[in-house]
Amino acid sequence: HLRRNIGMVLQEPYLFSRTIAENIGIASPELDTEAIRVAAQAAALDESITSFTAGYDTMVGERGVTLSGGQKQRAAIARMLVNDTPIMIFDDSLSAVDTQTDAKIRKSIQQRFGKASVILISHRITTLSAADKIIVLDGGHIAEEGTHDELKTAGGIYQKIYKAQSGIQEVTK
């Protein structure tokens, strides 16, 4: 029941020594090539895959050694998206992609999977900025919560990180 309803992508995804298509569709062997490709497009991975000589039939090697960190994360995102679960958890799984790709993936997920509840765990403020609610943890406890606009001016941890990542000021401890 949980696996059908909750999809999760970790920061360090595990890929199998199989093709990219097999890695994306591994939990749902009945999937056709088009469904796998749609998920890869939503994860901003299709363009990279089609640039490989063997395309979706490219072997990724043990733990995905032939892919970059960002490509591994996007393959794991596509693997989760192909199942279209109502709850999606991204545990810092956009950390190895650049901010433009991060934004592209988040936009695609919202457009294609907008009814899903999405939980984003991230250290990157731009990843969190459009969230309905942001919870800042400190030492395992909730330190702040609110929207991006509320927290960036609240004078707390989030504001310090926002300013540091925006180049407004250095982080001070």
# chains A, B, ... in the order shown; residues from 1 in each chain; ligands from 1
>>> residues_around(residues="Leu94 of chain A", least_positions_apart="2", cutoff="8 Å", atoms="only C-alpha atoms", output="ChimeraX atom specification")
/A:11,70,73-74,90,92,96-97,102,122
>>> write_last_selection(atoms="N, CA and C atoms", output="PDB file, in the first residue's frame")
ATOM      1  N   GLN A  11      18.953  11.439  -2.032  1.00  0.00           N
ATOM      2  CA  GLN A  11      20.066  12.233  -2.560  1.00  0.00           C
ATOM      3  C   GLN A  11      21.070  11.346  -3.293  1.00  0.00           C
ATOM      4  N   GLY A  70      24.139  14.205 -11.431  1.00  0.00           N
ATOM      5  CA  GLY A  70      22.843  14.774 -11.793  1.00  0.00           C
ATOM      6  C   GLY A  70      22.016  13.830 -12.650  1.00  0.00           C
ATOM      7  N   GLN A  73      20.552  11.177 -10.369  1.00  0.00           N
ATOM      8  CA  GLN A  73      19.412  11.707  -9.622  1.00  0.00           C
ATOM      9  C   GLN A  73      18.187  11.821 -10.529  1.00  0.00           C
ATOM     10  N   ARG A  74      18.388  12.295 -11.747  1.00  0.00           N
ATOM     11  CA  ARG A  74      17.249  12.451 -12.661  1.00  0.00           C
ATOM     12  C   ARG A  74      16.683  11.099 -13.099  1.00  0.00           C
ATOM     13  N   PHE A  90      11.110  14.122  -2.215  1.00  0.00           N
ATOM     14  CA  PHE A  90      12.414  14.375  -2.827  1.00  0.00           C
ATOM     15  C   PHE A  90      13.385  14.732  -1.703  1.00  0.00           C
ATOM     16  N   ASP A  92      16.515  15.791  -0.906  1.00  0.00           N
ATOM     17  CA  ASP A  92      17.692  16.478  -1.446  1.00  0.00           C
ATOM     18  C   ASP A  92      18.135  15.865  -2.772  1.00  0.00           C
ATOM     19  N   ALA A  96      22.369  17.615  -7.103  1.00  0.00           N
ATOM     20  CA  ALA A  96      23.442  17.443  -8.090  1.00  0.00           C
ATOM     21  C   ALA A  96      23.094  18.029  -9.453  1.00  0.00           C
ATOM     22  N   VAL A  97      21.959  18.724  -9.546  1.00  0.00           N
ATOM     23  CA  VAL A  97      21.598  19.374 -10.809  1.00  0.00           C
ATOM     24  C   VAL A  97      21.725  20.883 -10.643  1.00  0.00           C
ATOM     25  N   ASP A 102      16.916  22.185 -12.037  1.00  0.00           N
ATOM     26  CA  ASP A 102      16.092  22.060 -10.834  1.00  0.00           C
ATOM     27  C   ASP A 102      14.728  22.713 -11.090  1.00  0.00           C
ATOM     28  N   SER A 122      15.543  20.092   1.052  1.00  0.00           N
ATOM     29  CA  SER A 122      16.615  20.725   0.295  1.00  0.00           C
ATOM     30  C   SER A 122      17.358  21.757   1.133  1.00  0.00           C
TER      31      SER A 122
END
>>> residues_around(residues="Leu137 of chain A", least_positions_apart="6", cutoff="10 Å", atoms="only C-alpha atoms", output="ChimeraX atom specification")
/A:143-145,157-158
>>> write_last_selection(atoms="C-alpha atoms", output="compact mmCIF listing (two decimals), in the first residue's frame")
# COMPACT_ATOMS: atom_id res chain seq x y z
CA ALA A 143 12.85 26.28 14.22
CA GLU A 144 10.64 28.16 11.74
CA GLU A 145 7.76 27.61 9.37
CA ILE A 157 17.90 30.73 9.98
CA TYR A 158 16.05 30.78 6.66
>>> residues_around(residues="segment 104-117 of chain A", least_positions_apart="3", cutoff="12 Å", atoms="only C-alpha atoms", output="JSON list (two decimals) with N, CA and C atoms, in the first residue's frame")
[["chain", "number", "residue", "atom", "x", "y", "z"],
["A", 5, "ASN", "N", 1.49, 4.35, -3.03],
["A", 5, "ASN", "CA", 1.01, 5.69, -2.74],
["A", 5, "ASN", "C", 2.09, 6.71, -2.40],
["A", 6, "ILE", "N", 3.29, 6.24, -2.10],
["A", 6, "ILE", "CA", 4.38, 7.16, -1.75],
["A", 6, "ILE", "C", 5.59, 6.84, -2.62],
["A", 7, "GLY", "N", 6.05, 7.85, -3.36],
["A", 7, "GLY", "CA", 7.27, 7.73, -4.14],
["A", 7, "GLY", "C", 8.37, 8.52, -3.45],
["A", 8, "MET", "N", 9.59, 8.00, -3.47],
["A", 8, "MET", "CA", 10.68, 8.69, -2.78],
["A", 8, "MET", "C", 11.96, 8.60, -3.59],
["A", 38, "VAL", "N", 8.21, 9.66, -21.20],
["A", 38, "VAL", "CA", 7.47, 10.79, -20.60],
["A", 38, "VAL", "C", 8.03, 11.09, -19.21],
["A", 39, "ALA", "N", 8.29, 10.06, -18.42],
["A", 39, "ALA", "CA", 8.87, 10.26, -17.09],
["A", 39, "ALA", "C", 10.28, 10.86, -17.19],
["A", 40, "ALA", "N", 11.07, 10.39, -18.16],
["A", 40, "ALA", "CA", 12.42, 10.93, -18.36],
["A", 40, "ALA", "C", 12.37, 12.40, -18.79],
["A", 41, "GLN", "N", 11.38, 12.74, -19.61],
["A", 41, "GLN", "CA", 11.23, 14.14, -20.01],
["A", 41, "GLN", "C", 10.87, 15.01, -18.81],
["A", 42, "ALA", "N", 9.96, 14.52, -17.96],
["A", 42, "ALA", "CA", 9.58, 15.27, -16.76],
["A", 42, "ALA", "C", 10.77, 15.46, -15.83],
["A", 43, "ALA", "N", 11.68, 14.49, -15.82],
["A", 43, "ALA", "CA", 12.88, 14.56, -14.97],
["A", 43, "ALA", "C", 14.04, 15.27, -15.67],
["A", 44, "ALA", "N", 13.77, 15.88, -16.83],
["A", 44, "ALA", "CA", 14.80, 16.61, -17.60],
["A", 44, "ALA", "C", 15.99, 15.71, -17.93],
["A", 45, "LEU", "N", 15.70, 14.45, -18.27],
["A", 45, "LEU", "CA", 16.75, 13.48, -18.57],
["A", 45, "LEU", "C", 16.72, 13.01, -20.01],
["A", 46, "ASP", "N", 15.60, 13.15, -20.68],
["A", 46, "ASP", "CA", 15.43, 12.62, -22.04],
["A", 46, "ASP", "C", 16.50, 13.15, -23.00],
["A", 70, "GLY", "N", 24.14, 14.21, -11.43],
["A", 70, "GLY", "CA", 22.84, 14.77, -11.79],
["A", 70, "GLY", "C", 22.02, 13.83, -12.65],
["A", 73, "GLN", "N", 20.55, 11.18, -10.37],
["A", 73, "GLN", "CA", 19.41, 11.71, -9.62],
["A", 73, "GLN", "C", 18.19, 11.82, -10.53],
["A", 74, "ARG", "N", 18.39, 12.29, -11.75],
["A", 74, "ARG", "CA", 17.25, 12.45, -12.66],
["A", 74, "ARG", "C", 16.68, 11.10, -13.10],
["A", 75, "ALA", "N", 17.54, 10.08, -13.22],
["A", 75, "ALA", "CA", 17.04, 8.74, -13.54],
["A", 75, "ALA", "C", 16.18, 8.21, -12.39],
["A", 77, "ILE", "N", 14.56, 10.09, -10.25],
["A", 77, "ILE", "CA", 13.33, 10.89, -10.27],
["A", 77, "ILE", "C", 12.37, 10.33, -11.31],
["A", 78, "ALA", "N", 12.87, 10.02, -12.49],
["A", 78, "ALA", "CA", 12.02, 9.45, -13.54],
["A", 78, "ALA", "C", 11.44, 8.12, -13.08],
["A", 80, "MET", "N", 10.67, 7.26, -10.09],
["A", 80, "MET", "CA", 9.57, 7.53, -9.17],
["A", 80, "MET", "C", 8.35, 8.09, -9.93],
["A", 81, "LEU", "N", 8.60, 9.01, -10.86],
["A", 81, "LEU", "CA", 7.50, 9.66, -11.58],
["A", 81, "LEU", "C", 6.69, 8.68, -12.43],
["A", 82, "VAL", "N", 7.33, 7.67, -12.94],
["A", 82, "VAL", "CA", 6.65, 6.71, -13.81],
["A", 82, "VAL", "C", 5.52, 5.99, -13.05],
["A", 83, "ASN", "N", 5.60, 5.95, -11.72],
["A", 83, "ASN", "CA", 4.58, 5.30, -10.91],
["A", 83, "ASN", "C", 3.43, 6.23, -10.54],
["A", 84, "ASP", "N", 3.60, 7.54, -10.76],
["A", 84, "ASP", "CA", 2.53, 8.53, -10.54],
["A", 84, "ASP", "C", 1.85, 8.37, -9.18],
["A", 85, "THR", "N", 2.64, 8.36, -8.13],
["A", 85, "THR", "CA", 2.10, 8.22, -6.78],
["A", 85, "THR", "C", 1.49, 9.53, -6.29],
["A", 86, "PRO", "N", 0.50, 9.47, -5.40],
["A", 86, "PRO", "CA", -0.13, 10.70, -4.91],
["A", 86, "PRO", "C", 0.73, 11.49, -3.93],
["A", 87, "ILE", "N", 1.76, 10.85, -3.37],
["A", 87, "ILE", "CA", 2.69, 11.54, -2.47],
["A", 87, "ILE", "C", 4.10, 11.31, -3.01],
["A", 88, "MET", "N", 4.84, 12.41, -3.21],
["A", 88, "MET", "CA", 6.20, 12.32, -3.73],
["A", 88, "MET", "C", 7.16, 13.00, -2.76],
["A", 89, "ILE", "N", 8.22, 12.30, -2.40],
["A", 89, "ILE", "CA", 9.22, 12.84, -1.48],
["A", 89, "ILE", "C", 10.56, 12.94, -2.21],
["A", 90, "PHE", "N", 11.11, 14.12, -2.21],
["A", 90, "PHE", "CA", 12.41, 14.38, -2.83],
["A", 90, "PHE", "C", 13.38, 14.73, -1.70],
["A", 93, "SER", "N", 17.15, 15.38, -3.53],
["A", 93, "SER", "CA", 17.44, 14.67, -4.78],
["A", 93, "SER", "C", 17.63, 15.59, -5.98],
["A", 94, "LEU", "N", 17.64, 16.90, -5.75],
["A", 94, "LEU", "CA", 17.95, 17.84, -6.83],
["A", 94, "LEU", "C", 19.29, 18.54, -6.59],
["A", 97, "VAL", "N", 21.96, 18.72, -9.55],
["A", 97, "VAL", "CA", 21.60, 19.37, -10.81],
["A", 97, "VAL", "C", 21.72, 20.88, -10.64],
["A", 98, "ASP", "N", 21.96, 21.56, -11.74],
["A", 98, "ASP", "CA", 22.09, 23.01, -11.68],
["A", 98, "ASP", "C", 20.71, 23.64, -11.40],
["A", 99, "THR", "N", 20.70, 24.91, -11.05],
["A", 99, "THR", "CA", 19.45, 25.57, -10.65],
["A", 99, "THR", "C", 18.43, 25.64, -11.79],
["A", 100, "GLN", "N", 18.90, 25.77, -13.03],
["A", 100, "GLN", "CA", 17.97, 25.81, -14.17],
["A", 100, "GLN", "C", 17.27, 24.46, -14.36],
["A", 101, "THR", "N", 18.03, 23.38, -14.26],
["A", 101, "THR", "CA", 17.45, 22.05, -14.39],
["A", 101, "THR", "C", 16.52, 21.76, -13.22],
["A", 120, "LEU", "N", 9.59, 18.40, -0.44],
["A", 120, "LEU", "CA", 10.95, 18.68, -0.90],
["A", 120, "LEU", "C", 11.85, 18.90, 0.30],
["A", 126, "THR", "N", 16.29, 28.25, -3.68],
["A", 126, "THR", "CA", 15.51, 28.36, -4.92],
["A", 126, "THR", "C", 14.63, 27.13, -5.13],
["A", 127, "THR", "N", 15.06, 25.98, -4.64],
["A", 127, "THR", "CA", 14.25, 24.76, -4.74],
["A", 127, "THR", "C", 12.99, 24.88, -3.89],
["A", 128, "LEU", "N", 13.09, 25.56, -2.78],
["A", 128, "LEU", "CA", 11.99, 25.66, -1.82],
["A", 128, "LEU", "C", 11.09, 26.88, -2.02],
["A", 129, "SER", "N", 11.54, 27.85, -2.77],
["A", 129, "SER", "CA", 10.87, 29.16, -2.81],
["A", 129, "SER", "C", 9.41, 29.13, -3.23],
["A", 130, "ALA", "N", 8.97, 28.18, -4.03],
["A", 130, "ALA", "CA", 7.57, 28.14, -4.47],
["A", 130, "ALA", "C", 6.70, 27.21, -3.62],
["A", 131, "ALA", "N", 7.27, 26.65, -2.57],
["A", 131, "ALA", "CA", 6.52, 25.71, -1.72],
["A", 131, "ALA", "C", 5.39, 26.43, -0.99],
["A", 132, "ASP", "N", 4.30, 25.70, -0.78],
["A", 132, "ASP", "CA", 3.17, 26.25, -0.02],
["A", 132, "ASP", "C", 3.56, 26.50, 1.43],
["A", 133, "LYS", "N", 4.40, 25.62, 1.97],
["A", 133, "LYS", "CA", 4.84, 25.76, 3.36],
["A", 133, "LYS", "C", 6.26, 25.24, 3.47]]
>>> residues_around(residues="Thr33 of chain A", least_positions_apart="6", cutoff="10 Å", atoms="only C-alpha atoms", output="PyMOL selection string")
chain A and resi 21-22+25+56
>>> select_by_dssp(residues="chain A", states="helix (DSSP H, G or I)", output="JSON, numbers by chain")
{"A": [2, 3, 4, 5, 20, 21, 22, 23, 24, 33, 34, 35, 36, 37, 38, 39, 40, 41, 42, 46, 47, 48, 49, 50, 51, 55, 56, 57, 62, 63, 64, 69, 70, 71, 72, 73, 74, 75, 76, 77, 78, 79, 80, 81, 99, 100, 101, 102, 103, 104, 105, 106, 107, 108, 109, 110, 111, 112, 125, 126, 127, 128, 148, 149, 150, 151, 157, 158, 159, 160, 161, 162, 163, 164, 165, 166]}
>>> closest_residue(among="A:Asp57, A:Ile119, A:Ala76, A:Leu67", to="Ala27 of chain A", atoms="only C-alpha atoms")
A:Ala76
>>> closest_residue(among="A:Arg63, A:Arg79, A:His123, A:His1", to="Pro29 of chain A", atoms="only C-alpha atoms")
A:Arg79
>>> atom_distance(atom1="atom CA of Gly155 of chain A", atom2="atom CA of Asp91 of chain A")
25.8 Å
>>> atom_distance(atom1="atom CA of Gly139 of chain A", atom2="atom CA of Tyr14 of chain A")
27.7 Å
